[in-house]
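Here is target-v5.cif, consisting of mmCIF, C-alpha atoms:
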```
data_start
loop_
_atom_site.label_atom_id
_atom_site.label_comp_id
_atom_site.auth_asym_id
_atom_site.auth_seq_id
_atom_site.Cartn_x
_atom_site.Cartn_y
_atom_site.Cartn_z
CA MET A 1 7.19 13.12 31.21
CA PRO A 2 6.48 11.60 27.77
CA VAL A 3 5.29 8.04 27.73
CA ALA A 4 8.00 5.73 26.33
CA VAL A 5 7.25 4.05 23.02
CA ALA A 6 7.31 0.52 24.49
CA GLU A 7 5.12 1.62 27.40
CA ARG A 8 2.63 3.25 25.04
CA ALA A 9 2.55 0.12 22.86
CA SER A 10 1.60 -1.96 25.89
CA LEU A 11 -1.29 0.39 26.67
CA VAL A 12 -3.01 -0.16 23.32
CA SER A 13 -4.78 -3.42 22.52
CA PRO A 14 -3.30 -5.13 19.46
CA TRP A 15 -6.77 -5.42 17.94
CA VAL A 16 -7.45 -1.71 18.41
CA ALA A 17 -4.04 -0.86 16.91
CA ALA A 18 -4.69 -3.09 13.90
CA LEU A 19 -8.21 -1.70 13.45
CA LEU A 20 -6.95 1.90 13.57
CA ALA A 21 -4.10 1.03 11.20
CA TRP A 22 -6.55 -0.47 8.73
CA LEU A 23 -9.08 2.35 9.02
CA VAL A 24 -6.62 5.20 8.46
CA PRO A 25 -3.23 4.11 7.10
CA GLY A 26 -0.45 4.98 9.56
CA VAL A 27 -2.66 5.91 12.50
CA GLY A 28 -2.07 2.56 14.21
CA HIS A 29 1.65 3.26 14.35
CA LEU A 30 1.11 6.89 15.40
CA VAL A 31 -1.02 5.72 18.34
CA LEU A 32 1.73 3.27 19.29
CA GLY A 33 4.32 6.06 19.29
CA ARG A 34 6.03 4.96 16.05
CA ARG A 35 5.86 8.44 14.60
CA GLN A 36 8.28 8.09 11.69
CA LYS A 37 6.67 4.88 10.43
CA GLY A 38 3.16 6.22 10.95
CA LEU A 39 3.84 9.37 8.96
CA VAL A 40 5.41 7.41 6.09
CA PHE A 41 2.37 5.10 5.88
CA LEU A 42 -0.03 8.03 6.23
CA ALA A 43 1.62 9.77 3.28
CA ALA A 44 2.49 6.83 1.04
CA ILE A 45 -0.55 4.55 1.09
CA PRO A 46 -3.36 7.09 0.49
CA THR A 47 -1.17 8.73 -2.19
CA MET A 48 -0.78 5.39 -3.92
CA PHE A 49 -4.54 4.85 -3.74
CA ALA A 50 -5.18 8.36 -5.14
CA ILE A 51 -2.79 7.69 -8.02
CA GLY A 52 -4.75 4.52 -8.76
CA LEU A 53 -7.94 6.58 -8.97
CA MET A 54 -6.23 9.16 -11.22
CA LEU A 55 -5.09 6.35 -13.52
CA SER A 56 -8.75 5.40 -14.09
CA GLY A 57 -8.53 2.31 -11.92
CA ARG A 58 -11.62 0.63 -10.55
CA VAL A 59 -12.51 -0.07 -6.94
CA PHE A 60 -14.14 -3.39 -7.72
CA PRO A 61 -17.51 -4.31 -6.20
CA PHE A 62 -18.06 -7.41 -4.07
CA ASP A 63 -19.18 -9.74 -6.83
CA PHE A 64 -18.71 -13.26 -5.51
CA SER A 65 -19.89 -14.81 -8.78
CA GLN A 66 -16.51 -13.65 -10.15
CA PRO A 67 -13.84 -14.80 -7.68
CA LEU A 68 -11.05 -12.57 -9.00
CA VAL A 69 -13.30 -9.49 -8.86
CA ALA A 70 -14.26 -10.36 -5.28
CA LEU A 71 -10.59 -10.77 -4.33
CA ALA A 72 -9.74 -7.42 -5.92
CA ALA A 73 -12.63 -5.85 -3.99
CA VAL A 74 -11.36 -7.23 -0.68
CA ALA A 75 -7.79 -6.16 -1.46
CA ALA A 76 -8.76 -2.58 -2.35
CA ARG A 77 -10.86 -2.26 0.84
CA GLY A 78 -7.68 -3.06 2.74
CA VAL A 79 -6.76 0.59 2.41
CA GLY A 80 -9.59 1.49 4.79
CA ALA A 81 -11.14 4.95 4.85
CA PRO A 82 -9.79 6.11 1.45
CA ALA A 83 -11.71 3.27 -0.27
CA PHE A 84 -14.95 4.17 1.52
CA LEU A 85 -14.37 7.86 0.79
CA ALA A 86 -13.86 7.04 -2.90
CA GLY A 87 -17.13 5.12 -2.93
CA TRP A 88 -18.93 7.97 -1.19
CA LEU A 89 -17.54 10.49 -3.72
CA ASP A 90 -18.45 8.13 -6.59
CA LEU A 91 -14.81 7.76 -7.63
CA GLY A 92 -13.09 4.57 -8.72
CA ARG A 93 -15.66 3.50 -11.28
CA GLY A 94 -12.83 2.66 -13.68
CA VAL A 95 -12.50 3.49 -17.36
CA VAL A 96 -11.65 0.21 -19.03
CA THR A 97 -10.77 1.89 -22.33
CA ASP A 98 -8.06 4.05 -20.75
CA ALA A 99 -4.49 2.94 -21.41
CA SER A 100 -3.73 3.32 -17.71
CA TYR A 101 -6.74 1.29 -16.46
CA GLU A 102 -4.75 -1.82 -15.52
CA TYR A 103 -2.06 0.29 -13.88
CA GLY A 104 -4.72 2.07 -11.89
CA ASN A 105 -6.11 -1.27 -10.72
CA ALA A 106 -2.61 -2.38 -9.69
CA PHE A 107 -2.12 0.78 -7.62
CA LEU A 108 -5.54 0.49 -5.96
CA ILE A 109 -5.22 -3.20 -5.13
CA VAL A 110 -1.61 -3.06 -3.96
CA SER A 111 -2.21 0.01 -1.77
CA GLY A 112 -4.90 -2.03 0.02
CA LEU A 113 -2.65 -5.07 0.37
CA LEU A 114 0.20 -2.92 1.70
CA ASN A 115 -2.12 -1.41 4.28
CA MET A 116 -3.11 -4.91 5.40
CA LEU A 117 0.59 -5.58 6.03
CA VAL A 118 0.80 -2.30 7.93
CA ALA A 119 -2.18 -3.33 10.09
CA LEU A 120 -0.52 -6.68 10.84
CA ASP A 121 2.69 -4.84 11.74
CA ALA A 122 0.74 -2.55 14.10
CA PHE A 123 -0.77 -5.67 15.70
CA ASP A 124 2.74 -7.10 16.23
CA VAL A 125 4.07 -3.85 17.68
CA ALA A 126 1.16 -3.58 20.11
CA SER A 127 1.67 -7.25 21.07
CA GLY A 128 5.30 -6.50 21.97
CA ARG A 129 6.67 -8.79 19.25
CA LYS A 130 8.52 -5.94 17.51
CA MET B 1 0.15 9.40 -17.96
CA THR B 2 0.98 6.40 -20.16
CA SER B 3 4.73 5.98 -19.72
CA HIS B 4 5.06 2.37 -18.64
CA LEU B 5 8.53 2.91 -17.24
CA LEU B 6 7.47 5.93 -15.19
CA LEU B 7 4.46 4.08 -13.79
CA LEU B 8 6.64 1.07 -13.00
CA ALA B 9 9.11 3.33 -11.19
CA LEU B 10 6.32 5.07 -9.28
CA PHE B 11 4.80 1.75 -8.24
CA ALA B 12 8.22 0.39 -7.23
CA PHE B 13 8.91 3.53 -5.20
CA PHE B 14 5.78 3.21 -3.07
CA VAL B 15 6.10 -0.53 -2.55
CA ALA B 16 9.80 -0.21 -1.64
CA LEU B 17 9.03 2.67 0.74
CA VAL B 18 6.35 0.74 2.64
CA PHE B 19 8.27 -2.56 2.71
CA ALA B 20 11.45 -0.90 3.96
CA THR B 21 9.54 1.06 6.60
CA ILE B 22 7.83 -2.09 7.87
CA ALA B 23 10.97 -4.22 7.81
CA TYR B 24 13.42 -2.02 9.73
CA ASP B 25 13.40 0.62 12.45
CA ALA B 26 16.72 2.33 11.72
CA PRO B 27 16.54 4.88 8.88
CA ARG B 28 19.88 3.73 7.40
CA LEU B 29 18.71 0.13 7.16
CA GLN B 30 15.35 1.28 5.79
CA ALA B 31 17.10 3.32 3.07
CA ALA B 32 19.43 0.46 2.10
CA PHE B 33 16.60 -2.09 1.95
CA GLY B 34 14.30 0.32 0.12
CA VAL B 35 16.90 1.07 -2.55
CA ARG B 36 17.49 -2.65 -3.06
CA ILE B 37 13.79 -3.37 -3.50
CA PHE B 38 13.32 -0.39 -5.81
CA ALA B 39 16.30 -1.41 -7.96
CA GLY B 40 15.07 -5.02 -7.99
CA PHE B 41 11.66 -3.96 -9.26
CA LEU B 42 13.16 -1.79 -12.01
CA LEU B 43 15.68 -4.39 -13.15
CA ALA B 44 13.11 -7.20 -13.09
CA GLY B 45 10.64 -5.02 -15.02
CA LEU B 46 13.23 -4.14 -17.66
CA ALA B 47 14.44 -7.74 -17.94
CA LEU B 48 10.90 -9.09 -18.33
CA GLY B 49 10.14 -6.34 -20.84
CA TRP B 50 13.10 -7.38 -22.98
CA LEU B 51 12.24 -11.06 -22.66
CA MET B 52 8.71 -10.35 -23.87
CA TYR B 53 9.94 -8.15 -26.73
CA PRO B 54 9.54 -10.82 -29.44
CA LEU B 55 5.98 -11.64 -28.31
CA PRO B 56 3.52 -12.25 -29.83
CA LEU B 57 5.51 -14.53 -32.12
#
```

How does this structure look as structure tokens?
Amino acid sequence: MPVAVAERASLVSPWVAALLAWLVPGVGHLVLGRRQKGLVFLAAIPTMFAIGLMLSGRVFPFDFSQPLVALAAVAARGVGAPAFLAGWLDLGRGVVTDASYEYGNAFLIVSGLLNMLVALDAFDVASGRK
Amino acid sequence: MTSHLLLLALFAFFVALVFATIAYDAPRLQAAFGVRIFAGFLLAGLALGWLMYPLPL
């Protein structure tokens, strides 16, 4: 007999759900049995991040001497594994002279921020609040 | 790709999709909320674009 969604949510620690949701967008919801939501996040957020890379956006480094750069770095890392994969593949260096550079940054940063919201939502679902 | 409007629409689509999916569980409510956010982004973008048209003065 399949485990009910609510029952499955109670089996997963909220912190584990949030960590999984941050690491791979959508996986937190998939683990909690929220298949439709998980698949949407899994498709939408990495795609948005990839578009940001294609638009010559930059995954900013952690430079705390420049507060806005540091904030952008934290925000982009919110997307989890795709950001680390981009760093490993030497992508996301940014081409500041490209017309689409700022758009690319917006896509990269907002995909990370959206995934942070998704991780918080996974935490709430696993806590039984939703 | 340098079409500002297309990039705005693409950005609005993804943000609306994720917001609507987080906010509601029922697909009908998700679709209604997503369309409203998407339209809001587009209209706000167009309105701000027109307001900034005379700039720089």

Contacts of chain B with chain A up to 10 Å, shortest pair per row, all atoms listed in the file, as a Markdown table:
```
| residue | atom | partner | partner_atom | distance |
| --- | --- | --- | --- | --- |
| B:Met1 | CA | A:Ser100 | CA | 7.2 |
| B:Thr2 | CA | A:Ser100 | CA | 6.1 |
| B:Ser3 | CA | A:Ser100 | CA | 9.1 |
| B:His4 | CA | A:Tyr103 | CA | 8.8 |
| B:Leu7 | CA | A:Tyr103 | CA | 7.5 |
| B:Leu8 | CA | A:Tyr103 | CA | 8.8 |
| B:Leu10 | CA | A:Met48 | CA | 8.9 |
| B:Phe11 | CA | A:Phe107 | CA | 7.0 |
| B:Phe13 | CA | A:Ala44 | CA | 9.5 |
| B:Phe14 | CA | A:Ala44 | CA | 6.4 |
| B:Val15 | CA | A:Leu114 | CA | 7.7 |
| B:Leu17 | CA | A:Ala44 | CA | 7.8 |
| B:Val18 | CA | A:Phe41 | CA | 6.7 |
| B:Phe19 | CA | A:Leu114 | CA | 8.1 |
| B:Ala20 | CA | A:Lys37 | CA | 9.9 |
| B:Thr21 | CA | A:Lys37 | CA | 6.1 |
| B:Ile22 | CA | A:Asp121 | CA | 7.0 |
| B:Ala23 | CA | A:Asp121 | CA | 9.2 |
| B:Tyr24 | CA | A:Lys37 | CA | 9.7 |
| B:Asp25 | CA | A:Lys37 | CA | 8.2 |
| B:Pro27 | CA | A:Gln36 | CA | 9.3 |
```

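Candidate residues A:Leu91, A:Val125, A:Val16, A:Leu113 were compared for distance to Leu71 of chain A, and the nearest is A:Leu113, using only C-alpha atoms.
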
Using all atoms listed in the file, which residues sit within 8 Å of Ala9 of chain B once same-chain residues fewer than 6 positions away are excluded, as a PyMOL selection string?
chain B and resi 38+41-42

Looking at all atoms listed in the file, which of A:Trp22, A:Trp15, A:Phe49, A:Phe62 is the one that sits closest to Ala86 of chain A?
A:Phe49

Using atom CA of Ser65 of chain A and atom CA of Arg77 of chain A as the two end points, give the distance in Å to one decimal.
18.2 Å

Between atom CA of Leu6 of chain B and atom CA of Pro25 of chain A, what is the spacing in Å?
24.8 Å

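Our summary of the geometry notes that atom CA of Pro82 of chain A is positioned 19.0 Å from atom CA of Val69 of chain A.
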
Assuming 5 Å of padding per side, give the centre and edge lengths of the axis-aligned box around every listed atom of segment 17-29 of chain A, in Å to one decimal and as AutoDock Vina command-line options.
```
--center_x -3.7 --center_y 1.4 --center_z 12.0 --size_x 20.7 --size_y 19.0 --size_z 19.8
```

The PyMOL selection byres ((chain A and resi 94) around 9) resolved against shown file, as a PyMOL selection string
chain A and resi 53+55-60+91-93+95-98+101+104-105

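For the choices B:Ala16, B:Leu57, B:Ala44, B:Leu51, the atom-to-atom distance to Ala32 of chain B is smallest for B:Ala16 when using only C-alpha atoms.
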